[in-house]
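Asker: Contents are mmCIF, C-alpha atoms and all ligand atoms; file name query10.cif:
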data_my_file
#
loop_
_atom_site.label_atom_id
_atom_site.label_comp_id
_atom_site.auth_asym_id
_atom_site.auth_seq_id
_atom_site.Cartn_x
_atom_site.Cartn_y
_atom_site.Cartn_z
CA MET A 51 106.59 -76.53 53.15
CA THR A 52 106.74 -79.25 55.81
CA PHE A 53 105.29 -82.69 55.18
CA GLU A 54 102.21 -81.86 57.32
CA GLU A 55 101.71 -78.55 55.50
CA LYS A 56 101.79 -80.40 52.21
CA LYS A 57 99.11 -82.79 53.48
CA GLU A 58 96.95 -79.81 54.48
CA ALA A 59 97.46 -78.19 51.10
CA TYR A 60 96.54 -81.46 49.38
CA ALA A 61 93.35 -81.84 51.45
CA GLU A 62 92.39 -78.29 50.57
CA LEU A 63 93.11 -78.83 46.88
CA ILE A 64 90.91 -81.94 46.84
CA VAL A 65 88.00 -80.14 48.48
CA LYS A 66 88.22 -76.77 46.74
CA MET A 67 89.53 -77.70 43.28
CA GLY A 68 88.72 -81.40 42.93
CA ALA A 69 85.18 -81.58 44.25
CA ALA A 70 84.71 -77.78 44.29
CA VAL A 71 82.51 -78.09 47.38
CA ARG A 72 80.01 -75.26 47.67
CA LYS A 73 78.00 -73.88 50.56
CA GLY A 74 75.07 -75.95 51.79
CA GLN A 75 76.06 -79.07 49.88
CA LYS A 76 76.16 -82.66 51.10
CA VAL A 77 79.59 -84.25 50.63
CA VAL A 78 80.32 -87.98 50.51
CA VAL A 79 83.89 -88.95 51.41
CA SER A 80 85.14 -92.51 50.95
CA CYS A 81 88.56 -93.39 52.31
CA PRO A 82 90.66 -96.41 53.36
CA VAL A 83 90.34 -96.85 57.15
CA GLU A 84 94.12 -96.80 57.39
CA SER A 85 94.20 -93.16 56.21
CA TYR A 86 91.77 -91.88 58.85
CA ASP A 87 94.05 -88.98 59.80
CA PHE A 88 94.13 -87.58 56.28
CA CYS A 89 90.41 -88.26 55.94
CA ARG A 90 89.76 -86.07 58.99
CA MET A 91 91.68 -83.24 57.32
CA VAL A 92 89.53 -83.57 54.20
CA VAL A 93 86.32 -83.66 56.24
CA ARG A 94 87.33 -80.50 58.13
CA LYS A 95 88.18 -78.71 54.88
CA ALA A 96 84.79 -79.72 53.48
CA TYR A 97 82.94 -78.25 56.48
CA GLU A 98 85.10 -75.12 56.28
CA ALA A 99 84.11 -74.81 52.61
CA GLY A 100 80.48 -74.75 53.73
CA ALA A 101 79.37 -78.39 53.43
CA GLU A 102 76.01 -78.93 55.07
CA ASP A 103 76.95 -82.46 56.05
CA VAL A 104 79.79 -84.88 55.32
CA ILE A 105 78.90 -88.54 54.94
CA LEU A 106 81.75 -90.99 55.54
CA LYS A 107 82.28 -94.31 53.75
CA TRP A 108 85.24 -96.32 55.02
CA THR A 109 86.90 -98.83 52.72
CA ASP A 110 89.34 -101.62 53.52
CA ASP A 111 91.17 -103.95 51.12
CA ILE A 112 91.59 -106.69 53.69
CA CYS A 113 87.92 -106.82 54.68
CA SER A 114 86.87 -106.62 51.02
CA ARG A 115 89.04 -109.61 50.27
CA MET A 116 87.50 -111.52 53.18
CA GLU A 117 84.07 -110.80 51.76
CA TYR A 118 85.07 -112.32 48.41
CA GLU A 119 86.60 -115.34 50.16
CA TYR A 120 83.79 -116.08 52.62
CA ALA A 121 80.50 -114.64 51.37
CA PRO A 122 78.36 -116.72 48.99
CA MET A 123 77.84 -115.80 45.34
CA SER A 124 74.32 -114.49 46.09
CA VAL A 125 75.83 -111.60 48.05
CA PHE A 126 77.61 -110.35 44.95
CA GLU A 127 74.73 -110.99 42.59
CA ASN A 128 72.32 -108.91 44.67
CA PHE A 129 73.37 -105.32 45.18
CA PRO A 130 71.69 -104.06 48.40
CA GLU A 131 68.64 -101.94 47.61
CA TRP A 132 69.31 -99.57 50.50
CA THR A 133 72.87 -98.88 49.37
CA ALA A 134 71.66 -98.14 45.84
CA LEU A 135 68.87 -95.90 47.12
CA GLU A 136 71.33 -93.90 49.21
CA ARG A 137 73.92 -93.44 46.45
CA ASN A 138 71.41 -92.70 43.66
CA THR A 139 69.52 -90.23 45.85
CA LEU A 140 72.65 -88.35 46.87
CA ALA A 141 73.76 -88.14 43.23
CA LYS A 142 70.36 -86.86 42.10
CA ASN A 143 70.43 -84.26 44.84
CA ASP A 144 73.77 -82.88 43.67
CA ALA A 145 75.97 -84.11 46.50
CA ALA A 146 79.74 -83.89 45.89
CA PHE A 147 81.63 -87.20 45.96
CA ILE A 148 85.25 -87.37 47.13
CA HIS A 149 86.85 -90.77 46.58
CA LEU A 150 90.16 -91.16 48.40
CA THR A 151 91.79 -94.31 47.06
CA GLY A 152 94.91 -96.25 47.97
CA SER A 153 94.79 -99.95 47.27
CA ASP A 154 97.22 -102.79 47.20
CA PRO A 155 97.29 -103.37 43.42
CA GLU A 156 97.08 -107.11 44.04
CA SER A 157 94.58 -107.09 46.92
CA LEU A 158 92.26 -109.52 45.17
CA LYS A 159 94.86 -111.77 43.60
CA GLY A 160 93.57 -115.34 43.51
CA VAL A 161 89.97 -114.63 44.55
CA ASP A 162 87.13 -116.02 42.44
CA THR A 163 86.87 -113.68 39.43
CA ALA A 164 83.26 -114.78 38.88
CA LYS A 165 82.31 -113.13 42.18
CA VAL A 166 84.13 -109.94 41.24
CA LYS A 167 82.37 -109.87 37.90
CA ALA A 168 78.97 -110.61 39.48
CA TYR A 169 79.47 -107.70 41.85
CA TYR A 170 80.24 -105.26 39.02
CA VAL A 171 77.29 -106.44 36.94
CA ALA A 172 74.89 -106.06 39.89
CA ALA A 173 76.35 -102.70 40.96
CA ASP A 174 76.13 -101.34 37.43
CA ALA A 175 72.42 -102.15 37.21
CA ALA A 176 71.55 -100.95 40.71
CA LEU A 177 73.53 -97.72 40.43
CA LYS A 178 72.44 -96.81 36.89
CA ASP A 179 71.29 -93.30 37.87
CA TYR A 180 74.44 -92.62 39.82
CA TYR A 181 76.75 -93.81 37.02
CA HIS A 182 74.85 -91.94 34.33
CA LEU A 183 75.07 -88.70 36.29
CA GLN A 184 78.73 -89.36 37.01
CA THR A 185 79.80 -89.90 33.38
CA THR A 186 77.72 -86.95 32.17
CA MET A 187 79.09 -84.68 34.94
CA GLY A 188 75.64 -84.34 36.51
CA PHE A 189 77.26 -83.84 39.92
CA LYS A 190 80.76 -83.02 41.11
CA TRP A 191 83.14 -85.83 41.97
CA THR A 192 86.83 -86.34 42.38
CA ILE A 193 89.23 -89.24 42.83
CA ALA A 194 92.50 -88.61 44.65
CA GLY A 195 95.12 -91.00 46.03
CA VAL A 196 96.04 -91.65 49.67
CA PRO A 197 99.17 -93.78 50.16
CA THR A 198 98.53 -96.90 52.25
CA HIS A 199 101.18 -99.31 53.52
CA ALA A 200 100.28 -102.16 51.18
CA TRP A 201 100.22 -99.89 48.13
CA ALA A 202 103.51 -98.15 49.03
CA LYS A 203 105.20 -101.50 49.60
CA LYS A 204 104.26 -102.66 46.07
CA VAL A 205 105.52 -99.42 44.52
CA PHE A 206 108.80 -99.41 46.50
CA PRO A 207 109.41 -103.06 47.44
CA GLU A 208 113.04 -102.38 48.33
CA LEU A 209 112.19 -99.82 51.04
CA GLN A 210 111.16 -100.27 54.64
CA GLU A 211 107.38 -99.82 54.93
CA ASP A 212 107.22 -96.41 56.68
CA VAL A 213 109.88 -94.98 54.38
CA ALA A 214 107.95 -96.28 51.38
CA VAL A 215 104.73 -94.61 52.58
CA THR A 216 106.43 -91.22 53.04
CA LYS A 217 108.11 -91.53 49.66
CA LEU A 218 104.77 -92.33 48.00
CA TRP A 219 103.11 -89.34 49.73
CA ASN A 220 105.82 -87.07 48.32
CA ALA A 221 105.37 -88.57 44.86
CA VAL A 222 101.62 -87.96 45.11
CA PHE A 223 102.21 -84.32 46.13
CA ASN A 224 104.43 -83.83 43.06
CA THR A 225 101.79 -85.20 40.71
CA VAL A 226 99.30 -82.54 41.86
CA ARG A 227 101.89 -79.74 41.85
CA ILE A 228 102.11 -79.29 45.60
CA GLY A 229 105.48 -77.91 46.57
CA ASP A 230 106.56 -74.33 46.83
CA GLY A 231 104.17 -71.66 45.70
CA ASN A 232 100.41 -71.76 45.53
CA ALA A 233 99.22 -75.18 44.38
CA ALA A 234 95.79 -73.86 43.36
CA ASP A 235 97.36 -71.29 41.02
CA ALA A 236 99.73 -73.85 39.48
CA TRP A 237 96.76 -76.16 39.05
CA MET A 238 94.62 -73.57 37.26
CA GLU A 239 97.50 -72.58 34.96
CA HIS A 240 98.01 -76.24 34.03
CA ALA A 241 94.28 -76.74 33.44
CA LYS A 242 94.24 -73.77 31.10
CA LYS A 243 97.00 -75.28 28.96
CA LEU A 244 95.16 -78.59 28.70
CA ALA A 245 91.97 -76.78 27.68
CA GLU A 246 93.86 -74.96 24.88
CA LYS A 247 95.14 -78.26 23.43
CA ALA A 248 91.64 -79.71 23.62
CA LYS A 249 90.17 -76.72 21.80
CA LYS A 250 92.67 -76.97 18.93
CA LEU A 251 92.15 -80.72 18.54
CA THR A 252 88.37 -80.27 18.52
CA GLU A 253 88.69 -77.68 15.76
CA TRP A 254 90.72 -80.10 13.61
CA GLN A 255 87.98 -82.79 13.84
CA PHE A 256 90.27 -85.65 12.85
CA LYS A 257 88.72 -88.58 11.06
CA SER A 258 91.40 -90.87 12.46
CA LEU A 259 94.65 -91.01 14.39
CA HIS A 260 97.57 -93.28 13.55
CA TYR A 261 99.88 -94.46 16.36
CA GLU A 262 103.35 -95.92 15.91
CA ASN A 263 106.34 -96.63 18.15
CA SER A 264 109.29 -98.98 18.62
CA ILE A 265 107.57 -101.42 21.00
CA GLY A 266 105.32 -102.67 18.21
CA THR A 267 102.30 -100.39 18.16
CA ASP A 268 100.95 -99.77 14.68
CA PHE A 269 97.39 -98.74 15.12
CA THR A 270 94.69 -96.56 13.61
CA VAL A 271 91.65 -95.38 15.53
CA GLY A 272 88.66 -93.57 14.03
CA LEU A 273 87.03 -90.72 15.96
CA VAL A 274 83.28 -90.09 15.94
CA LYS A 275 81.94 -87.14 13.94
CA ASN A 276 81.36 -84.02 16.06
CA HIS A 277 83.62 -85.34 18.80
CA ILE A 278 84.78 -83.01 21.55
CA TRP A 279 88.23 -83.22 23.11
CA GLU A 280 88.11 -82.48 26.82
CA GLY A 281 90.96 -81.55 29.12
CA GLY A 282 91.64 -79.53 32.23
CA ALA A 283 88.63 -78.70 34.35
CA ASP A 284 85.42 -80.71 34.07
CA LYS A 285 82.19 -78.76 34.08
CA ASP A 286 79.20 -79.52 36.27
CA ARG A 287 76.45 -80.00 33.68
CA VAL A 288 73.86 -78.54 36.05
CA ASN A 289 75.48 -75.19 36.84
CA GLY A 290 78.67 -75.05 34.75
CA ALA A 291 80.95 -74.89 37.80
CA PRO A 292 84.48 -76.25 37.21
CA PHE A 293 85.79 -79.24 39.13
CA PHE A 294 88.42 -81.94 38.59
CA ALA A 295 87.22 -85.54 38.42
CA ASN A 296 90.77 -86.85 38.59
CA MET A 297 93.66 -85.54 40.64
CA PRO A 298 96.13 -85.56 38.99
CA THR A 299 94.92 -84.93 35.47
CA GLU A 300 97.28 -84.62 32.53
CA GLU A 301 95.06 -85.93 29.76
CA VAL A 302 93.18 -84.53 26.81
CA PHE A 303 90.62 -87.11 25.71
CA THR A 304 87.85 -87.80 23.24
CA MET A 305 85.48 -90.43 21.84
CA PRO A 306 86.76 -93.10 19.45
CA ASP A 307 84.37 -94.69 16.98
CA ARG A 308 83.60 -98.10 18.47
CA LEU A 309 83.66 -99.72 15.00
CA MET A 310 86.86 -98.11 13.74
CA ALA A 311 90.09 -99.48 15.23
CA GLU A 312 92.62 -101.44 13.20
CA GLY A 313 96.02 -102.91 14.02
CA THR A 314 98.15 -103.65 17.05
CA LEU A 315 98.32 -101.80 20.35
CA VAL A 316 101.11 -102.73 22.73
CA ALA A 317 100.66 -101.72 26.38
CA SER A 318 103.53 -99.61 27.69
CA LEU A 319 102.75 -99.99 31.42
CA PRO A 320 101.27 -102.78 33.55
CA LEU A 321 97.59 -102.45 34.34
CA SER A 322 96.19 -102.92 37.83
CA GLU A 323 92.54 -103.92 37.55
CA ASN A 324 90.24 -105.24 40.27
CA GLY A 325 93.17 -106.09 42.50
CA ASN A 326 95.14 -107.94 39.81
CA LEU A 327 98.08 -106.96 37.62
CA ILE A 328 98.22 -107.45 33.86
CA GLU A 329 101.70 -107.09 32.37
CA ASN A 330 103.26 -106.90 28.91
CA PHE A 331 100.06 -107.27 26.98
CA THR A 332 99.07 -106.67 23.38
CA LEU A 333 95.66 -106.16 21.78
CA LYS A 334 94.87 -106.69 18.11
CA PHE A 335 91.87 -104.89 16.61
CA LYS A 336 89.76 -105.35 13.52
CA ARG A 337 86.75 -103.16 12.71
CA GLY A 338 86.88 -101.72 16.19
CA GLU A 339 86.87 -105.05 17.99
CA VAL A 340 89.63 -106.85 19.90
CA ILE A 341 90.10 -110.04 17.88
CA ASP A 342 93.26 -111.33 19.53
CA TYR A 343 95.23 -110.62 22.70
CA SER A 344 98.17 -111.84 24.74
CA ALA A 345 99.70 -111.06 28.14
CA GLU A 346 102.82 -112.27 29.94
CA LYS A 347 101.05 -111.95 33.29
CA GLY A 348 97.37 -111.60 34.23
CA LEU A 349 95.92 -113.13 31.06
CA GLU A 350 92.88 -114.40 33.02
CA THR A 351 92.06 -110.87 34.24
CA LEU A 352 92.46 -109.47 30.74
CA LYS A 353 90.16 -112.19 29.42
CA MET A 354 87.58 -111.36 32.09
CA ILE A 355 87.66 -107.68 31.12
CA LEU A 356 87.25 -108.44 27.41
CA GLU A 357 84.48 -110.96 27.94
CA THR A 358 82.39 -108.81 30.28
CA ASP A 359 80.01 -107.69 27.54
CA GLU A 360 79.97 -106.72 23.86
CA GLY A 361 81.18 -103.17 24.56
CA SER A 362 84.16 -104.31 26.60
CA ARG A 363 85.94 -105.50 23.44
CA HIS A 364 85.60 -102.02 21.87
CA LEU A 365 87.19 -98.68 22.74
CA GLY A 366 85.41 -95.91 24.62
CA GLU A 367 88.13 -93.35 25.28
CA CYS A 368 91.18 -92.06 23.45
CA ALA A 369 93.46 -89.92 25.64
CA LEU A 370 96.66 -88.02 24.93
CA VAL A 371 99.25 -87.39 27.64
CA PRO A 372 102.64 -85.93 26.72
CA TYR A 373 105.79 -87.59 27.99
CA PRO A 374 107.09 -86.81 30.54
CA ALA A 375 104.28 -85.31 32.64
CA PRO A 376 104.98 -84.74 36.38
CA VAL A 377 103.56 -88.20 36.92
CA ALA A 378 105.94 -89.91 34.48
CA GLU A 379 108.87 -87.61 35.25
CA GLN A 380 109.38 -89.20 38.65
CA GLY A 381 110.06 -92.53 37.00
CA ILE A 382 107.71 -94.26 39.40
CA LEU A 383 105.23 -96.90 38.39
CA PHE A 384 102.31 -96.16 40.72
CA LEU A 385 100.44 -99.40 39.89
CA ASP A 386 97.24 -97.40 40.12
CA THR A 387 95.39 -96.29 37.01
CA LEU A 388 94.62 -92.87 38.45
CA TYR A 389 98.34 -92.10 38.25
CA ASP A 390 99.60 -94.36 35.51
CA GLU A 391 96.93 -93.23 33.02
CA ASN A 392 98.16 -89.69 33.61
CA ALA A 393 101.71 -90.75 32.84
CA ALA A 394 101.05 -91.95 29.31
CA CYS A 395 98.74 -91.82 26.32
CA HIS A 396 95.99 -94.35 26.86
CA PHE A 397 92.77 -95.85 25.59
CA ALA A 398 89.88 -97.29 27.54
CA LEU A 399 88.08 -100.50 26.75
CA GLY A 400 84.37 -100.11 27.41
CA ALA A 401 82.06 -97.19 28.06
CA CYS A 402 82.63 -93.84 26.39
CA TYR A 403 82.10 -90.44 28.00
CA GLU A 404 78.91 -89.01 26.47
CA THR A 405 80.26 -85.49 26.95
CA ASN A 406 82.91 -86.26 24.30
CA LEU A 407 80.21 -85.99 21.64
CA GLN A 408 78.12 -82.93 20.80
CA GLY A 409 74.70 -83.54 22.38
CA GLY A 410 75.90 -86.92 23.67
CA ALA A 411 74.73 -86.42 27.25
CA GLU A 412 71.12 -86.12 26.04
CA MET A 413 71.25 -89.18 23.76
CA SER A 414 69.67 -92.57 24.41
CA GLU A 415 71.94 -95.61 24.34
CA ASP A 416 70.76 -96.44 20.79
CA GLU A 417 71.44 -92.93 19.53
CA LEU A 418 74.88 -93.00 21.10
CA HIS A 419 75.62 -96.31 19.35
CA ALA A 420 74.41 -94.89 16.04
CA HIS A 421 76.97 -92.09 16.40
CA GLY A 422 79.79 -94.56 17.13
CA GLY A 423 79.78 -94.24 20.92
CA ASN A 424 80.41 -97.33 23.03
CA THR A 425 78.54 -98.64 26.06
CA SER A 426 79.64 -101.27 28.54
CA ILE A 427 79.63 -101.81 32.26
CA ASN A 428 83.43 -101.56 32.00
CA HIS A 429 85.67 -98.58 31.50
CA VAL A 430 89.23 -99.86 31.73
CA ASP A 431 92.10 -97.52 30.87
CA PHE A 432 95.31 -99.04 29.58
CA MET A 433 98.50 -97.20 28.73
CA VAL A 434 100.19 -97.20 25.34
CA GLY A 435 102.29 -94.01 25.37
CA THR A 436 106.08 -94.18 25.06
CA LYS A 437 108.98 -91.75 24.70
CA ASP A 438 109.06 -92.36 20.95
CA LEU A 439 105.34 -92.41 20.21
CA LYS A 440 104.29 -90.70 17.01
CA ILE A 441 100.66 -89.84 16.36
CA THR A 442 99.47 -88.53 13.02
CA GLY A 443 95.97 -87.16 12.56
CA THR A 444 94.06 -87.39 9.27
CA ARG A 445 91.27 -84.91 8.63
CA TRP A 446 88.17 -85.64 6.56
CA ASN A 447 89.71 -83.76 3.59
CA GLY A 448 92.78 -86.03 3.73
CA GLU A 449 95.09 -83.44 5.28
CA LYS A 450 97.62 -84.98 7.68
CA ILE A 451 98.83 -83.24 10.85
CA THR A 452 101.45 -84.53 13.28
CA VAL A 453 99.86 -84.48 16.73
CA PHE A 454 102.61 -86.20 18.74
CA GLU A 455 106.32 -86.52 17.97
CA ASN A 456 108.76 -88.32 20.30
CA GLY A 457 106.00 -88.77 22.85
CA LYS A 458 105.20 -85.04 23.07
CA TRP A 459 102.78 -82.52 21.63
CA ALA A 460 103.86 -81.55 18.11
CA PHE A 461 101.76 -78.38 18.00
ZN ZN A 501 91.60 -91.07 30.53
ZN ZN A 502 89.42 -93.44 31.27
#
What does the file become when written as structure tokens?
Ligand code: ZN
Ligand code: ZN

Answerer:
Amino acid sequence: MTFEEKKEAYAELIVKMGAAVRKGQKVVVSCPVESYDFCRMVVRKAYEAGAEDVILKWTDDICSRMEYEYAPMSVFENFPEWTALERNTLAKNDAAFIHLTGSDPESLKGVDTAKVKAYYVAADAALKDYYHLQTTMGFKWTIAGVPTHAWAKKVFPELQEDVAVTKLWNAVFNTVRIGDGNAADAWMEHAKKLAEKAKKLTEWQFKSLHYENSIGTDFTVGLVKNHIWEGGADKDRVNGAPFFANMPTEEVFTMPDRLMAEGTLVASLPLSENGNLIENFTLKFKRGEVIDYSAEKGLETLKMILETDEGSRHLGECALVPYPAPVAEQGILFLDTLYDENAACHFALGACYETNLQGGAEMSEDELHAHGGNTSINHVDFMVGTKDLKITGTRWNGEKITVFENGKWAF
């Protein structure tokens, strides 16, 4: 396959597998302006798949940064009504959302974090319907990467910019299994394997998982009763159709009990959050809550995440990713959570996925809390998996089963 053929195949995979666009549907595509050529490919594939209309939303790191630098606080505190109406309406009417992302991981370095926080608080309230439908799979959505110059330069600082971009494109293709052979078939085969692991783990219904490795993690997390492990294809809650919310996806994940986490978790990869990098950080938990933390770099950003709201100091997702997955195998630090979270076992601080609990999607916030689920305006994944990670599951009857050994599935 030539480079251009790979791009075509990727665009097709995003439309057909990722968002699983169906006939007559409205499709929303957001994309960095810099990647307009790839965006056009995706738009064409969407129309060819039968989209009734494709709505474009351009994004740009540099203009976003300018907004944070120049616009007054009131702009961030007041999410525009018309924008919320548009997004919520499209979500309620079962549009498919394709988010093409490719950001400089430090695009917002040094900007006023209070403005960034104000924006997220306002957006969360204004887009409540949209976010609820998104986390409960009430419409189809997918996030896929598009290499931009600024991002590629951070991943491969030693390379000349154009070379770095091409290298990052090739790395992205590898993560979604585009190469020789039919990518869609390889993708479905992979999804099937993830679903099998999820099924087995759900059957075991572990009470807790214990994590240990040589970088200092010694940590126990409780799982909610009647939790569901998910992996592979997501299912549209409305019509059961499969789609993939993340491309790539290597994880099998479930719902931790927000009040049951004890011990020390050491991050194994840097975390890029809101245009800032957090490196070499450690979180200490007691009764499910982060009670102490440290970071060699980005401590302020970590503090902002943890202090967002009550739920942001508790866990909402527990995800297993064997080492090395095609993402990790390349030995590249993508500095983008979409990729790095699929390179290693991770947890998320903040909101849980309601679908990880039997009947969770139909529960009120209070009911979800009563079952151990977590709510927050944040959902921040951070990576803890290493080559030597061992995870031992304990069932309610006390039986112990090794889930991970030397960073890989032990069953
Ligand atoms: Zn995850
Ligand atoms: Zn997550």

Asker: Could you list, as a list in words, all residues that come within 10 Å of ligand ZN 502 (chain A)? Count only C-alpha atoms and all ligand atoms.

Answerer: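 For ligand ZN 502 (chain A), the residues inside 10 Å are Asn296, Glu301, Phe303, Thr304, Gly366, Glu367, Cys368, Ala369, Thr387, Leu388, Glu391, Asn392, His396, Phe397, Ala398, Leu399, Gly400, Ala401, Cys402, Tyr403, His429, Val430, Asp431 and Phe432 of chain A.
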
Asker: Store the residues of this selection in a file with C-alpha atoms, as a PDB file, in the frame of the given file.

Answerer:
ATOM      1  CA  ASN A 296      90.770 -86.850  38.590  1.00  0.00           C
ATOM      2  CA  GLU A 301      95.060 -85.930  29.760  1.00  0.00           C
ATOM      3  CA  PHE A 303      90.620 -87.110  25.710  1.00  0.00           C
ATOM      4  CA  THR A 304      87.850 -87.800  23.240  1.00  0.00           C
ATOM      5  CA  GLY A 366      85.410 -95.910  24.620  1.00  0.00           C
ATOM      6  CA  GLU A 367      88.130 -93.350  25.280  1.00  0.00           C
ATOM      7  CA  CYS A 368      91.180 -92.060  23.450  1.00  0.00           C
ATOM      8  CA  ALA A 369      93.460 -89.920  25.640  1.00  0.00           C
ATOM      9  CA  THR A 387      95.390 -96.290  37.010  1.00  0.00           C
ATOM     10  CA  LEU A 388      94.620 -92.870  38.450  1.00  0.00           C
ATOM     11  CA  GLU A 391      96.930 -93.230  33.020  1.00  0.00           C
ATOM     12  CA  ASN A 392      98.160 -89.690  33.610  1.00  0.00           C
ATOM     13  CA  HIS A 396      95.990 -94.350  26.860  1.00  0.00           C
ATOM     14  CA  PHE A 397      92.770 -95.850  25.590  1.00  0.00           C
ATOM     15  CA  ALA A 398      89.880 -97.290  27.540  1.00  0.00           C
ATOM     16  CA  LEU A 399      88.080-100.500  26.750  1.00  0.00           C
ATOM     17  CA  GLY A 400      84.370-100.110  27.410  1.00  0.00           C
ATOM     18  CA  ALA A 401      82.060 -97.190  28.060  1.00  0.00           C
ATOM     19  CA  CYS A 402      82.630 -93.840  26.390  1.00  0.00           C
ATOM     20  CA  TYR A 403      82.100 -90.440  28.000  1.00  0.00           C
ATOM     21  CA  HIS A 429      85.670 -98.580  31.500  1.00  0.00           C
ATOM     22  CA  VAL A 430      89.230 -99.860  31.730  1.00  0.00           C
ATOM     23  CA  ASP A 431      92.100 -97.520  30.870  1.00  0.00           C
ATOM     24  CA  PHE A 432      95.310 -99.040  29.580  1.00  0.00           C
TER      25      PHE A 432
END

Asker: What box, with edges along x, y and z, holds each listed atom of region 150-159 of chain A when 6 Å is added on every side, and can you state its centre and edge lengths in Å to one decimal, as JSON?

Answerer:
{"center_x": 93.7, "center_y": -101.5, "center_z": 45.9, "size_x": 19.1, "size_y": 32.6, "size_z": 17.0}

Asker: Of the residues A:Thr252, A:Val371, A:Pro207, A:Ala345, which is the one nearest to ligand ZN 501 (chain A), using only C-alpha atoms and all ligand atoms?

Answerer: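 The answer is A:Val371, which sits nearest to ligand ZN 501 (chain A).
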
Asker: Of the residues A:Glu280, A:Asp103, A:Asp268, A:Asp286, which is the one nearest to ligand ZN 501 (chain A), using all atoms listed in the file?

Answerer: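 Smallest separation from ligand ZN 501 (chain A) among the options: A:Glu280.
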
Asker: With distances taken over all atoms listed in the file, which residue among A:Glu379, A:Asp390, A:Glu262, A:Asp342 lies nearest ligand ZN 501 (chain A)?

Answerer: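 Closest residue, counting all atoms listed in the file: A:Asp390.
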
Asker: So, counting all atoms listed in the file, which residue among A:Ala283, A:Leu321, A:Val274, A:Phe461 is closest to Ala420 (chain A)?

Answerer: A:Val274

Asker: Point out the residue among A:Gly282, A:Gly422, A:Pro82, A:Gly152 with the least atom-to-atom distance to Lys249 (chain A), counting all atoms listed in the file.

Answerer: A:Gly282

Asker: Using all atoms listed in the file, can you tell me which of A:Lys242, A:Lys347, A:Arg308, A:His199 comes closest to Lys275 (chain A)?

Answerer: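 So, comparing all the options, the nearest one is A:Arg308.
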
Asker: Tell me which protein, DNA and RNA residues are within 9 Å of region 118-125 of chain A, counting only C-alpha atoms, leaving out same-chain ones fewer than 2 positions away, and put them as a PyMOL selection string.

Answerer: chain A and resi 113-116+127-130+158+161-162+164-166+168-169

Asker: When you look at Ala96 (chain A) with a cut-off of 8 Å (counting only C-alpha atoms), what residues show up, excluding the ones that are within fewer than 5 positions of it in the same chain? I need them as number ranges by chain.

Answerer: A: 65, 71, 77, 101, 104

Asker: Identify, on the basis of only C-alpha atoms, every residue whose closest approach to Gly435 (chain A) does not exceed 9 Å; exclude the query and any residue fewer than 2 positions from it along the same chain; express the result as a list in words.

Answerer: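 Answer for this query is Asn263, Ala317, Ser318, Leu319, Leu370, Val371, Pro372, Tyr373, Ala393, Ala394, Cys395, His396, Met433, Lys437, Asp438, Leu439 and Gly457 of chain A.
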